[in-house]
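Have a look at my_file_22.pdb; it's PDB, C-alpha atoms:
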ATOM      1  CA  MET A 227       0.000   0.000   0.000
ATOM      2  CA  ALA A 228       1.394   3.408  -1.025
ATOM      3  CA  ASP A 229       2.275   5.838   1.732
ATOM      4  CA  SER A 230      -0.018   8.806   2.224
ATOM      5  CA  PHE A 231       1.257  12.312   1.588
ATOM      6  CA  SER A 232       1.279  12.993   5.334
ATOM      7  CA  GLN A 233       3.411   9.881   5.912
ATOM      8  CA  LYS A 234       5.904  10.968   3.232
ATOM      9  CA  VAL A 235       6.277  14.412   4.841
ATOM     10  CA  ARG A 236       6.787  12.897   8.294
ATOM     11  CA  ASP A 237       9.357  10.390   6.984
ATOM     12  CA  GLU A 238      11.409  13.128   5.296
ATOM     13  CA  ALA A 239      11.162  15.477   8.271
ATOM     14  CA  ALA A 240      12.325  12.711  10.621
ATOM     15  CA  ARG A 241      15.405  12.098   8.448
ATOM     16  CA  ARG A 242      16.426  15.761   8.545
ATOM     17  CA  SER A 243      20.120  16.194   9.339
ATOM     18  CA  LEU A 244      20.849  18.299  12.441
ATOM     19  CA  HIS A 245      23.831  20.482  13.232
ATOM     20  CA  LYS A 246      25.301  20.294  16.717
ATOM     21  CA  CYS A 247      23.662  23.588  17.656
ATOM     22  CA  CYS A 248      20.268  22.314  16.458
ATOM     23  CA  GLN A 249      20.127  19.103  18.471
ATOM     24  CA  LYS A 250      18.960  20.625  21.756
ATOM     25  CA  PRO A 251      16.241  22.847  20.147
ATOM     26  CA  PHE A 252      15.000  19.778  18.265
ATOM     27  CA  LEU A 253      14.740  17.734  21.478
ATOM     28  CA  MET A 254      13.184  20.671  23.336
ATOM     29  CA  ALA A 255      10.501  20.877  20.640
ATOM     30  CA  MET A 256       9.699  17.185  21.099
ATOM     31  CA  LEU A 257       9.444  17.729  24.861
ATOM     32  CA  THR A 258       7.273  20.815  24.364
ATOM     33  CA  GLY A 259       4.866  19.338  21.839
ATOM     34  CA  ALA A 260       4.819  15.587  22.500
ATOM     35  CA  LYS A 261       2.183  13.860  24.587
ATOM     36  CA  TYR A 262       4.541  12.513  27.223
ATOM     37  CA  PHE A 263       3.988  11.764  30.880
ATOM     38  CA  ARG A 264       6.101  11.089  33.953
ATOM     39  CA  ARG A 265       6.277   7.689  35.595
ATOM     40  CA  TYR A 266       8.425   6.979  38.658
ATOM     41  CA  GLY A 267      10.514  10.096  38.041
ATOM     42  CA  ARG A 268      11.094   9.264  34.361
ATOM     43  CA  VAL A 269       9.928  10.999  31.177
ATOM     44  CA  VAL A 270       7.896   8.656  28.966
ATOM     45  CA  TRP A 271       6.952   9.191  25.313
ATOM     46  CA  ARG A 272       4.385   7.093  23.445
ATOM     47  CA  LEU A 273       4.932   7.601  19.705
ATOM     48  CA  ALA A 274       3.439   5.820  16.706
ATOM     49  CA  HIS A 275       5.792   6.896  13.918
ATOM     50  CA  GLY A 276       8.833   4.646  13.577
ATOM     51  CA  ALA A 277      11.097   7.170  11.803
ATOM     52  CA  THR A 278      10.395   9.758  14.509
ATOM     53  CA  VAL A 279      11.323   7.257  17.211
ATOM     54  CA  ARG A 280      14.566   6.351  15.423
ATOM     55  CA  THR A 281      15.458  10.053  15.161
ATOM     56  CA  LEU A 282      14.643  10.595  18.835
ATOM     57  CA  ILE A 283      16.729   7.627  19.979
ATOM     58  CA  GLY A 284      19.648   8.695  17.775
ATOM     59  CA  LEU A 285      19.434  12.210  19.213
ATOM     60  CA  LEU A 286      19.406  10.917  22.799
ATOM     61  CA  LYS A 287      22.537   8.931  22.023
ATOM     62  CA  GLU A 288      24.229  11.988  20.497
ATOM     63  CA  LEU A 289      23.435  13.994  23.632
ATOM     64  CA  ALA A 290      24.591  11.100  25.864
ATOM     65  CA  LEU A 291      21.208  10.896  27.618
ATOM     66  CA  PRO A 292      20.435   7.434  29.043
ATOM     67  CA  HIS A 293      17.176   5.965  27.798
ATOM     68  CA  THR A 294      15.233   2.772  27.119
ATOM     69  CA  TRP A 295      12.525   1.913  24.627
ATOM     70  CA  HIS A 296      10.092  -0.876  23.812
ATOM     71  CA  GLN A 297       6.951  -1.555  21.793
ATOM     72  CA  GLU A 298       3.428  -2.019  23.108
ATOM     73  CA  ALA A 299      -0.063  -2.236  21.624
ATOM     74  CA  ASN A 300      -3.151  -0.223  22.432
ATOM     75  CA  LYS A 301      -6.096  -1.745  24.304
ATOM     76  CA  GLU A 302      -7.639  -3.201  21.142
ATOM     77  CA  GLY A 303      -4.272  -4.592  20.062
ATOM     78  CA  ARG A 304      -4.647  -3.076  16.617
ATOM     79  CA  ARG A 305      -1.929  -0.425  16.738
ATOM     80  CA  GLN A 306       1.672  -0.585  17.883
ATOM     81  CA  PHE A 307       3.282   2.240  19.851
ATOM     82  CA  TYR A 308       6.907   2.907  20.653
ATOM     83  CA  VAL A 309       7.518   3.804  24.283
ATOM     84  CA  VAL A 310      10.705   5.765  24.993
ATOM     85  CA  GLU A 311      11.757   6.398  28.610
ATOM     86  CA  LEU A 312      14.600   8.451  30.040
ATOM     87  CA  PRO A 313      15.433   9.982  33.433
ATOM     88  CA  GLU A 314      14.053  13.384  34.352
ATOM     89  CA  LEU A 315      15.891  16.011  32.290
ATOM     90  CA  PRO A 316      17.260  19.338  33.552
ATOM     91  CA  GLN A 317      14.677  22.135  33.596
ATOM     92  CA  SER A 318      16.484  23.937  30.776
ATOM     93  CA  TYR A 319      15.147  21.306  28.364
ATOM     94  CA  TYR A 320      11.550  22.235  29.140
ATOM     95  CA  ARG A 321      11.892  25.955  28.476
ATOM     96  CA  LEU A 322      11.223  27.555  25.122
ATOM     97  CA  PRO A 323      14.621  27.824  23.454
ATOM     98  CA  PRO A 324      16.609  30.874  22.335
ATOM     99  CA  PHE A 325      17.690  30.291  18.733
ATOM    100  CA  ASN A 326      21.276  30.812  17.617
ATOM    101  CA  GLY A 327      20.229  31.115  13.981
ATOM    102  CA  SER A 328      17.671  30.181  11.355
ATOM    103  CA  CYS A 329      18.896  26.544  11.330
ATOM    104  CA  CYS A 330      18.024  26.145  15.032
ATOM    105  CA  ARG A 331      14.643  27.790  14.504
ATOM    106  CA  ARG A 332      13.805  25.477  11.605
ATOM    107  CA  SER A 333      14.971  22.429  13.566
ATOM    108  CA  TRP A 334      12.674  23.439  16.428
ATOM    109  CA  ILE A 335       9.748  23.833  13.988
ATOM    110  CA  THR A 336      10.520  20.392  12.532
ATOM    111  CA  GLY A 337      10.775  18.679  15.927
ATOM    112  CA  LEU A 338       7.458  20.204  16.920
ATOM    113  CA  TYR A 339       5.847  19.029  13.672
ATOM    114  CA  LEU A 340       6.970  15.452  14.227
ATOM    115  CA  VAL A 341       5.113  15.185  17.535
ATOM    116  CA  CYS A 342       2.071  17.434  17.048
ATOM    117  CA  GLY A 343       1.868  18.371  13.357
ATOM    118  CA  ALA A 344      -0.304  17.286  10.440
ATOM    119  CA  VAL A 345      -0.678  18.081   6.744
ATOM    120  CA  ALA A 346      -3.671  17.588   4.461
ATOM    121  CA  ASP A 347      -3.637  15.662   1.200
ATOM    122  CA  PRO A 348      -3.010  18.389  -1.440
ATOM    123  CA  HIS A 349      -5.431  16.639  -3.806
ATOM    124  CA  LYS A 350      -8.193  17.716  -1.403
ATOM    125  CA  ASP A 351      -7.008  20.804   0.465
ATOM    126  CA  TYR A 352      -4.021  23.022   1.281
ATOM    127  CA  TYR A 353      -3.491  22.814   5.028
ATOM    128  CA  LEU A 354      -0.602  22.306   7.453
ATOM    129  CA  ALA A 355      -1.001  22.662  11.228
ATOM    130  CA  TRP A 356       0.564  22.166  14.647
ATOM    131  CA  ASN A 357      -1.634  21.347  17.666
ATOM    132  CA  SER A 358       0.166  23.012  20.581
ATOM    133  CA  ALA A 359      -0.695  22.185  24.167
ATOM    134  CA  SER A 360       0.478  25.555  25.566
ATOM    135  CA  TRP A 361      -0.047  29.207  24.668
ATOM    136  CA  ASP A 362       3.666  29.993  25.045
ATOM    137  CA  CYS A 363       4.595  27.324  22.520
ATOM    138  CA  ALA A 364       1.839  28.445  20.120
ATOM    139  CA  TYR A 365       2.950  32.085  20.208
ATOM    140  CA  LEU A 366       6.614  31.153  19.734
ATOM    141  CA  LEU A 367       5.632  29.028  16.746
ATOM    142  CA  LEU A 368       3.600  31.919  15.314
ATOM    143  CA  ASN A 369       6.624  34.196  15.596
ATOM    144  CA  CYS A 370       8.966  31.601  14.086
ATOM    145  CA  LEU A 371       6.699  31.031  11.078
ATOM    146  CA  SER A 372       6.237  34.778  10.623
ATOM    147  CA  ASP A 373      10.033  35.229  10.669
ATOM    148  CA  GLU A 374      10.169  32.756   7.774
ATOM    149  CA  GLY A 375       7.814  34.991   5.750
ATOM    150  CA  LEU A 376       4.696  32.860   6.277
ATOM    151  CA  GLU A 377       1.207  33.929   7.375
ATOM    152  CA  PRO A 378       0.056  31.519  10.119
ATOM    153  CA  SER A 379      -3.242  31.764  11.971
ATOM    154  CA  LEU A 380      -4.090  30.729  15.532
ATOM    155  CA  VAL A 381      -7.270  28.836  16.407
ATOM    156  CA  GLU A 382      -8.152  28.077  20.011
ATOM    157  CA  ARG A 383      -9.403  24.537  20.574
ATOM    158  CA  GLU A 384     -10.738  22.751  23.638
ATOM    159  CA  HIS A 385      -7.587  20.672  24.035
ATOM    160  CA  GLY A 386      -4.965  23.119  22.776
ATOM    161  CA  GLN A 387      -4.123  25.827  20.287
ATOM    162  CA  LEU A 388      -4.001  25.132  16.574
ATOM    163  CA  VAL A 389      -1.383  27.022  14.566
ATOM    164  CA  CYS A 390      -2.171  26.506  10.902
ATOM    165  CA  LEU A 391      -1.155  27.502   7.380
ATOM    166  CA  LYS A 392      -3.930  27.595   4.788
ATOM    167  CA  ARG A 393      -2.382  29.280   1.755
ATOM    168  CA  ALA A 394      -0.879  26.978  -0.852
ATOM    169  CA  GLU A 395       2.261  29.130  -1.083
ATOM    170  CA  ASP A 396       2.785  28.968   2.699
ATOM    171  CA  VAL A 397       2.273  25.206   2.842
ATOM    172  CA  GLY A 398       4.846  24.709   0.086
ATOM    173  CA  VAL A 399       7.451  26.871   1.846
ATOM    174  CA  ALA A 400       6.752  25.128   5.174
ATOM    175  CA  LEU A 401       7.412  21.726   3.604
ATOM    176  CA  SER A 402      10.861  22.977   2.582
ATOM    177  CA  LEU A 403      11.453  24.298   6.112
ATOM    178  CA  LEU A 404      10.673  20.824   7.455
ATOM    179  CA  GLY A 405      13.243  19.311   5.114
ATOM    180  CA  ALA A 406      10.582  17.487   3.062
ATOM    181  CA  THR A 407      12.061  18.338  -0.341
ATOM    182  CA  LEU A 408      10.530  15.432  -2.283
ATOM    183  CA  ALA A 409       7.153  16.086  -0.688
ATOM    184  CA  ARG A 410       7.471  19.755  -1.729
ATOM    185  CA  LEU A 411       8.076  18.722  -5.347
ATOM    186  CA  GLU A 412       5.059  16.387  -5.262
ATOM    187  CA  PHE A 413       2.984  19.136  -3.641
ATOM    188  CA  GLU A 414       3.888  21.640  -6.362
ATOM    189  CA  ASP A 415       3.059  19.110  -9.108
ATOM    190  CA  ILE A 416      -0.365  18.460  -7.593
ATOM    191  CA  ARG A 417      -0.929  22.173  -7.059
ATOM    192  CA  ALA A 418      -0.062  22.979 -10.684
ATOM    193  CA  VAL A 419      -2.493  20.345 -11.973
ATOM    194  CA  ARG A 420      -5.255  21.544  -9.633
ATOM    195  CA  GLU A 421      -4.817  25.200 -10.549
ATOM    196  CA  THR A 422      -4.716  24.409 -14.274
ATOM    197  CA  SER A 423      -7.876  22.336 -13.916
ATOM    198  CA  ASN A 424      -9.593  25.097 -11.930
ATOM    199  CA  ASP A 425      -8.592  27.721 -14.507
ATOM    200  CA  LEU A 426      -9.930  25.502 -17.302
ATOM    201  CA  HIS A 427     -13.228  24.992 -15.463
ATOM    202  CA  ARG A 428     -13.572  28.739 -14.919
ATOM    203  CA  LEU A 429     -12.938  29.426 -18.618
ATOM    204  CA  VAL A 430     -15.437  26.771 -19.696
ATOM    205  CA  ASN A 431     -18.058  28.074 -17.265
ATOM    206  CA  ALA A 432     -17.498  31.657 -18.415
ATOM    207  CA  GLU A 433     -17.714  30.661 -22.073
ATOM    208  CA  THR A 434     -20.883  28.646 -21.412
ATOM    209  CA  ALA A 435     -22.430  31.626 -19.616
ATOM    210  CA  ASN A 436     -21.483  33.946 -22.502
ATOM    211  CA  ILE A 437     -22.993  31.594 -25.088
ATOM    212  CA  LYS A 438     -26.211  31.292 -23.068
ATOM    213  CA  ARG A 439     -26.420  35.049 -22.647
ATOM    214  CA  MET A 440     -25.885  35.584 -26.378
ATOM    215  CA  ALA A 441     -28.534  32.984 -27.221
ATOM    216  CA  ASP A 442     -31.072  34.515 -24.832
ATOM    217  CA  THR A 443     -30.378  38.009 -26.190
ATOM    218  CA  ALA A 444     -30.673  36.858 -29.801
ATOM    219  CA  ALA A 445     -33.965  35.032 -29.108
ATOM    220  CA  ARG A 446     -35.435  38.130 -27.442
ATOM    221  CA  GLN A 447     -34.301  40.388 -30.272
ATOM    222  CA  ILE A 448     -35.588  38.068 -33.022
ATOM    223  CA  LYS A 449     -39.012  37.983 -31.376
ATOM    224  CA  LYS A 450     -39.227  41.785 -31.217
ATOM    225  CA  LEU A 451     -37.777  42.360 -34.691
ATOM    226  CA  GLN A 452     -40.369  39.989 -36.143
ATOM    227  CA  ILE A 453     -43.036  42.204 -34.597
ATOM    228  CA  LEU A 454     -41.650  45.145 -36.564
ATOM    229  CA  GLN A 455     -41.438  43.070 -39.740
ATOM    230  CA  ASN A 456     -44.991  41.718 -39.405
ATOM    231  CA  ASN A 457     -46.494  45.161 -38.860
ATOM    232  CA  TYR A 458     -45.085  46.597 -42.094
ATOM    233  CA  ILE A 459     -43.386  49.619 -40.539
ATOM    234  CA  LEU A 460     -39.972  49.021 -42.090
ATOM    235  CA  GLY A 461     -40.530  51.903 -44.472
ATOM    236  CA  GLY A 462     -40.540  54.303 -41.561
ATOM    237  CA  LEU A 463     -37.082  53.221 -40.368
ATOM    238  CA  SER A 464     -33.754  54.653 -41.473
ATOM    239  CA  ASP A 465     -31.614  52.669 -43.910
ATOM    240  CA  SER A 466     -29.079  51.721 -41.224
ATOM    241  CA  LEU A 467     -31.796  50.482 -38.841
ATOM    242  CA  THR A 468     -33.450  48.510 -41.643
ATOM    243  CA  GLU A 469     -30.130  46.881 -42.553
ATOM    244  CA  VAL A 470     -29.419  45.945 -38.923
ATOM    245  CA  LEU A 471     -32.926  44.466 -38.594
ATOM    246  CA  ARG A 472     -32.565  42.451 -41.797
ATOM    247  CA  LEU A 473     -29.096  41.132 -40.975
ATOM    248  CA  ARG A 474     -30.113  40.202 -37.422
ATOM    249  CA  LEU A 475     -33.120  38.219 -38.684
ATOM    250  CA  GLU A 476     -30.953  36.473 -41.291
ATOM    251  CA  ASN A 477     -28.032  35.797 -38.871
ATOM    252  CA  PRO A 478     -29.400  35.135 -35.371
ATOM    253  CA  ASP A 479     -26.201  33.342 -34.288
ATOM    254  CA  LEU A 480     -23.757  36.158 -35.053
ATOM    255  CA  SER A 481     -22.307  38.397 -32.341
ATOM    256  CA  TYR A 482     -22.558  42.192 -32.451
ATOM    257  CA  ARG A 483     -18.989  42.431 -33.687
ATOM    258  CA  GLU A 484     -19.638  39.927 -36.514
ATOM    259  CA  LEU A 485     -22.856  41.714 -37.506
ATOM    260  CA  GLY A 486     -20.979  45.014 -37.674
ATOM    261  CA  GLU A 487     -18.309  43.526 -39.932
ATOM    262  CA  ILE A 488     -20.821  42.415 -42.620
ATOM    263  CA  MET A 489     -22.653  45.766 -42.740
ATOM    264  CA  THR A 490     -22.049  48.431 -45.357
ATOM    265  CA  PRO A 491     -20.262  50.469 -44.179
ATOM    266  CA  PRO A 492     -18.929  48.321 -41.288
ATOM    267  CA  LEU A 493     -20.038  49.323 -37.784
ATOM    268  CA  THR A 494     -18.468  48.839 -34.399
ATOM    269  CA  ARG A 495     -19.859  46.424 -31.837
ATOM    270  CA  ALA A 496     -21.172  49.313 -29.726
ATOM    271  CA  SER A 497     -22.981  50.890 -32.700
ATOM    272  CA  VAL A 498     -24.717  47.634 -33.589
ATOM    273  CA  GLY A 499     -25.785  47.186 -29.962
ATOM    274  CA  LYS A 500     -27.254  50.710 -29.824
ATOM    275  CA  LYS A 501     -29.215  50.229 -33.077
ATOM    276  CA  LEU A 502     -30.639  46.892 -31.933
ATOM    277  CA  ALA A 503     -31.592  48.447 -28.582
ATOM    278  CA  LYS A 504     -33.402  51.223 -30.496
ATOM    279  CA  LEU A 505     -35.257  48.667 -32.633
ATOM    280  CA  GLU A 506     -36.295  46.775 -29.484
ATOM    281  CA  LYS A 507     -37.614  50.006 -27.976
ATOM    282  CA  ILE A 508     -39.690  50.708 -31.114
ATOM    283  CA  ALA A 509     -41.090  47.174 -30.958
ATOM    284  CA  ASP A 510     -41.986  47.584 -27.284
ATOM    285  CA  GLU A 511     -43.805  50.854 -28.054
ATOM    286  CA  LEU A 512     -45.681  49.124 -30.866
ATOM    287  CA  VAL A 513     -46.795  46.355 -28.510
ATOM    288  CA  VAL A 514     -47.991  48.918 -25.952
ATOM    289  CA  GLN A 515     -49.943  50.801 -28.630
ATOM    290  CA  ALA A 516     -51.534  47.568 -29.831
ATOM    291  CA  ALA A 517     -52.548  46.683 -26.280
ATOM    292  CA  ASP A 518     -54.104  50.121 -25.744
ATOM    293  CA  SER A 519     -56.017  49.853 -29.013
ATOM    294  CA  GLN A 520     -57.328  46.421 -28.029
ATOM    295  CA  GLU A 521     -58.494  47.728 -24.634
ATOM    296  CA  SER A 522     -60.323  50.593 -26.332
ATOM    297  CA  ALA A 523     -61.999  48.251 -28.816
ATOM    298  CA  ASP A 524     -63.095  45.924 -26.003
ATOM    299  CA  TYR A 525     -64.491  48.871 -24.050
ATOM    300  CA  PHE A 526     -66.620  50.179 -26.942
ATOM    301  CA  SER A 527     -67.800  46.677 -27.784
ATOM    302  CA  ALA A 528     -68.990  46.226 -24.217
ATOM    303  CA  SER A 529     -70.774  49.603 -24.306
ATOM    304  CA  GLU A 530     -72.807  48.645 -27.390
TER     305      GLU A 530
END

Rewrite the structure of this file - the entire thing - as structure tokens.
Amino acid sequence: MADSFSQKVRDEAARRSLHKCCQKPFLMAMLTGAKYFRRYGRVVWRLAHGATVRTLIGLLKELALPHTWHQEANKEGRRQFYVVELPELPQSYYRLPPFNGSCCRRSWITGLYLVCGAVADPHKDYYLAWNSASWDCAYLLLNCLSDEGLEPSLVEREHGQLVCLKRAEDVGVALSLLGATLARLEFEDIRAVRETSNDLHRLVNAETANIKRMADTAARQIKKLQILQNNYILGGLSDSLTEVLRLRLENPDLSYRELGEIMTPPLTRASVGKKLAKLEKIADELVVQAADSQESADYFSASE
């Protein structure tokens, strides 16, 4: 079974190489964001992602911190967890870190993502978020993402604060910050296809709407111009109005621009539109006059 996009991002982020100065911020992020608990004076993590656990264990070895780990299943026995235990750490590990540079800041963001982050499938939505358990951590993350030129938003939830990115551009940049280069390339491919498809749908919808509008306008005009033709008042119209009426009746599918091009002399689109509007107004007046005449005839008939 193929890995999900979220799994690919997490795998790449977990394999991110760390400088010496970045190791402590990375571990501090995992302590700040992970759902750990204390048991008999020891810090205990329960993590489900194997690559994250391997990174954590390798980091603990680099920092010469004694630890143990084992696997256990949940109550239903359907899912395996990795349990990592180590002695209580100095208090400095639990504080929000000062960053020596952008590499330490990005390592802290990555460590936090591995334990409390999530990303949506780009086929469905553009969304990347961190679920922080503390306000201090959430505000530091907001500042860190803003320093990277992103536009994060903060949403308060019942069980924590959600720091999220919802713009496609921001999600793409954040994937690079996490070290998920291959996932970023896949994301941009999917985004390009989606945007091209959306642009095509918009063009098709706009063209369909234009064609429908033209058809409705032509049908209305043909109906009114036939009223003028059937009432034998063409002799009272100017030559240009008569020509527009004749050409419109003969070519109901042509646009105003195309009608103007076949006239003698040629007219602009705006001129054709004005002449047709004038012919429609004459037809409307003729209909009103006919209705008034009919009402008068009915009235006198009733009187007799």

Using the chain letters and numbers from the file, give me the residues hit by the PyMOL selection byres ((chain A and resi 502-508) around 12), as an mmCIF file with C-alpha atoms, keeping the file's coordinate frame.
data_model
loop_
_atom_site.group_PDB
_atom_site.id
_atom_site.type_symbol
_atom_site.label_atom_id
_atom_site.label_comp_id
_atom_site.auth_asym_id
_atom_site.auth_seq_id
_atom_site.Cartn_x
_atom_site.Cartn_y
_atom_site.Cartn_z
ATOM 1 C CA THR A 443 -30.378 38.009 -26.190
ATOM 2 C CA ALA A 444 -30.673 36.858 -29.801
ATOM 3 C CA ALA A 445 -33.965 35.032 -29.108
ATOM 4 C CA ARG A 446 -35.435 38.130 -27.442
ATOM 5 C CA GLN A 447 -34.301 40.388 -30.272
ATOM 6 C CA ILE A 448 -35.588 38.068 -33.022
ATOM 7 C CA LYS A 449 -39.012 37.983 -31.376
ATOM 8 C CA LYS A 450 -39.227 41.785 -31.217
ATOM 9 C CA LEU A 451 -37.777 42.360 -34.691
ATOM 10 C CA GLN A 452 -40.369 39.989 -36.143
ATOM 11 C CA ILE A 453 -43.036 42.204 -34.597
ATOM 12 C CA LEU A 454 -41.650 45.145 -36.564
ATOM 13 C CA GLN A 455 -41.438 43.070 -39.740
ATOM 14 C CA ASN A 457 -46.494 45.161 -38.860
ATOM 15 C CA ILE A 459 -43.386 49.619 -40.539
ATOM 16 C CA LEU A 460 -39.972 49.021 -42.090
ATOM 17 C CA GLY A 462 -40.540 54.303 -41.561
ATOM 18 C CA LEU A 463 -37.082 53.221 -40.368
ATOM 19 C CA SER A 464 -33.754 54.653 -41.473
ATOM 20 C CA SER A 466 -29.079 51.721 -41.224
ATOM 21 C CA LEU A 467 -31.796 50.482 -38.841
ATOM 22 C CA THR A 468 -33.450 48.510 -41.643
ATOM 23 C CA GLU A 469 -30.130 46.881 -42.553
ATOM 24 C CA VAL A 470 -29.419 45.945 -38.923
ATOM 25 C CA LEU A 471 -32.926 44.466 -38.594
ATOM 26 C CA ARG A 472 -32.565 42.451 -41.797
ATOM 27 C CA LEU A 473 -29.096 41.132 -40.975
ATOM 28 C CA ARG A 474 -30.113 40.202 -37.422
ATOM 29 C CA LEU A 475 -33.120 38.219 -38.684
ATOM 30 C CA SER A 481 -22.307 38.397 -32.341
ATOM 31 C CA TYR A 482 -22.558 42.192 -32.451
ATOM 32 C CA LEU A 485 -22.856 41.714 -37.506
ATOM 33 C CA GLY A 486 -20.979 45.014 -37.674
ATOM 34 C CA ARG A 495 -19.859 46.424 -31.837
ATOM 35 C CA ALA A 496 -21.172 49.313 -29.726
ATOM 36 C CA SER A 497 -22.981 50.890 -32.700
ATOM 37 C CA VAL A 498 -24.717 47.634 -33.589
ATOM 38 C CA GLY A 499 -25.785 47.186 -29.962
ATOM 39 C CA LYS A 500 -27.254 50.710 -29.824
ATOM 40 C CA LYS A 501 -29.215 50.229 -33.077
ATOM 41 C CA ALA A 509 -41.090 47.174 -30.958
ATOM 42 C CA ASP A 510 -41.986 47.584 -27.284
ATOM 43 C CA GLU A 511 -43.805 50.854 -28.054
ATOM 44 C CA LEU A 512 -45.681 49.124 -30.866
ATOM 45 C CA VAL A 513 -46.795 46.355 -28.510
ATOM 46 C CA VAL A 514 -47.991 48.918 -25.952
ATOM 47 C CA GLN A 515 -49.943 50.801 -28.630
#

Find the residues near range 277-287 of chain A: any atom within 6 Å, counting all atoms listed in the file, skip ones fewer than 3 places away on the same chain, and give them as a list of chain:residue names.
A:Ala240, A:Ala290, A:Leu291

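Shortest separation to Cys363 in chain A among A:Ala255, A:Met440, A:Val419, A:Ala432 occurs at residue A:Ala255, atoms counted being only C-alpha atoms.
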
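Between CA of Val345 in chain A and CA of Ser402 in chain A there is a distance of 13.2 Å.
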
Might you pull out every residue within 12 Å of Val399 in chain A, with all atoms listed in the file counted and same-chain residues fewer than 4 positions away left off, and present them as a PyMOL selection string?
chain A and resi 332+354+371-372+374-377+391-395+403-407+409-411+413-414

Next, write the just-selected residues to a file, as an mmCIF file, keeping the file's coordinate frame, keeping C-alpha atoms as the atom set.
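File result_3.cif, as written:
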data_model
loop_
_atom_site.group_PDB
_atom_site.id
_atom_site.type_symbol
_atom_site.label_atom_id
_atom_site.label_comp_id
_atom_site.auth_asym_id
_atom_site.auth_seq_id
_atom_site.Cartn_x
_atom_site.Cartn_y
_atom_site.Cartn_z
ATOM 1 C CA ARG A 332 13.805 25.477 11.605
ATOM 2 C CA LEU A 354 -0.602 22.306 7.453
ATOM 3 C CA LEU A 371 6.699 31.031 11.078
ATOM 4 C CA SER A 372 6.237 34.778 10.623
ATOM 5 C CA GLU A 374 10.169 32.756 7.774
ATOM 6 C CA GLY A 375 7.814 34.991 5.750
ATOM 7 C CA LEU A 376 4.696 32.860 6.277
ATOM 8 C CA GLU A 377 1.207 33.929 7.375
ATOM 9 C CA LEU A 391 -1.155 27.502 7.380
ATOM 10 C CA LYS A 392 -3.930 27.595 4.788
ATOM 11 C CA ARG A 393 -2.382 29.280 1.755
ATOM 12 C CA ALA A 394 -0.879 26.978 -0.852
ATOM 13 C CA GLU A 395 2.261 29.130 -1.083
ATOM 14 C CA LEU A 403 11.453 24.298 6.112
ATOM 15 C CA LEU A 404 10.673 20.824 7.455
ATOM 16 C CA GLY A 405 13.243 19.311 5.114
ATOM 17 C CA ALA A 406 10.582 17.487 3.062
ATOM 18 C CA THR A 407 12.061 18.338 -0.341
ATOM 19 C CA ALA A 409 7.153 16.086 -0.688
ATOM 20 C CA ARG A 410 7.471 19.755 -1.729
ATOM 21 C CA LEU A 411 8.076 18.722 -5.347
ATOM 22 C CA PHE A 413 2.984 19.136 -3.641
ATOM 23 C CA GLU A 414 3.888 21.640 -6.362
#

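Once Ala346 in chain A and its same-chain neighbours fewer than 3 positions away are set aside, Ser230, Phe231, Ser232, Gln233, Lys234, Val235, Gly343, His349, Lys350, Asp351, Tyr352, Tyr353, Leu354, Ala355, Trp356, Cys390, Leu391, Lys392, Ala394, Val397, Gly398, Leu401 and Phe413 of chain A remain within 12 Å of it when counting only C-alpha atoms.
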
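If all atoms listed in the file are the atoms counted, then among A:Thr336, A:Thr490, A:Gln387, A:Ser423 the closest residue to Asp237 in chain A is A:Thr336.
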
For Ala364 in chain A, please output as a list in words all residues within 9 Å (counting all atoms listed in the file; exclusion window: fewer than 6 positions along the same chain).
Trp356, Asn357, Ser358, Leu380, Gln387, Leu388 and Val389 of chain A

Around all of range 241-251 of chain A's listed atoms, make the axis-aligned box with 6 Å on each side and tell me centre and edge lengths in Å to one decimal, as lines of an AutoDock Vina configuration file.
center_x = 20.4
center_y = 17.8
center_z = 15.1
size_x = 21.9
size_y = 23.5
size_z = 25.3

Taken to one decimal, the CA of Thr294 in chain A-CA of Pro313 in chain A distance is 9.6 Å

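Proximity to Pro251 in chain A was assessed for A:His293, A:Leu312, A:Phe325, A:Ala299 counting all atoms listed in the file; the smallest distance is recorded for A:Phe325.
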
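Take the candidates A:Leu289, A:Pro478, A:His296, A:Arg420 and check each one against Asp442 in chain A using all atoms listed in the file; the shortest distance goes to A:Pro478.
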
Just range 481-485 of chain A, please, as a short mmCIF file (atom, residue, chain, number, x, y, z; two decimals), in the first residue's frame (only N, CA, C and O atoms).
data_model
loop_
_atom_site.label_atom_id
_atom_site.label_comp_id
_atom_site.auth_asym_id
_atom_site.auth_seq_id
_atom_site.Cartn_x
_atom_site.Cartn_y
_atom_site.Cartn_z
N SER A 481 -22.50 37.43 -33.42
CA SER A 481 -22.31 38.40 -32.34
C SER A 481 -22.44 39.81 -32.91
O SER A 481 -22.49 40.01 -34.13
N TYR A 482 -22.48 40.80 -32.01
CA TYR A 482 -22.56 42.19 -32.45
C TYR A 482 -21.35 42.56 -33.31
O TYR A 482 -21.48 43.26 -34.32
N ARG A 483 -20.20 42.12 -32.92
CA ARG A 483 -18.99 42.43 -33.69
C ARG A 483 -19.08 41.85 -35.10
O ARG A 483 -18.73 42.51 -36.08
N GLU A 484 -19.54 40.58 -35.20
CA GLU A 484 -19.64 39.93 -36.51
C GLU A 484 -20.72 40.58 -37.37
O GLU A 484 -20.56 40.70 -38.60
N LEU A 485 -21.83 41.01 -36.75
CA LEU A 485 -22.86 41.71 -37.51
C LEU A 485 -22.31 43.03 -38.06
O LEU A 485 -22.58 43.39 -39.21
#
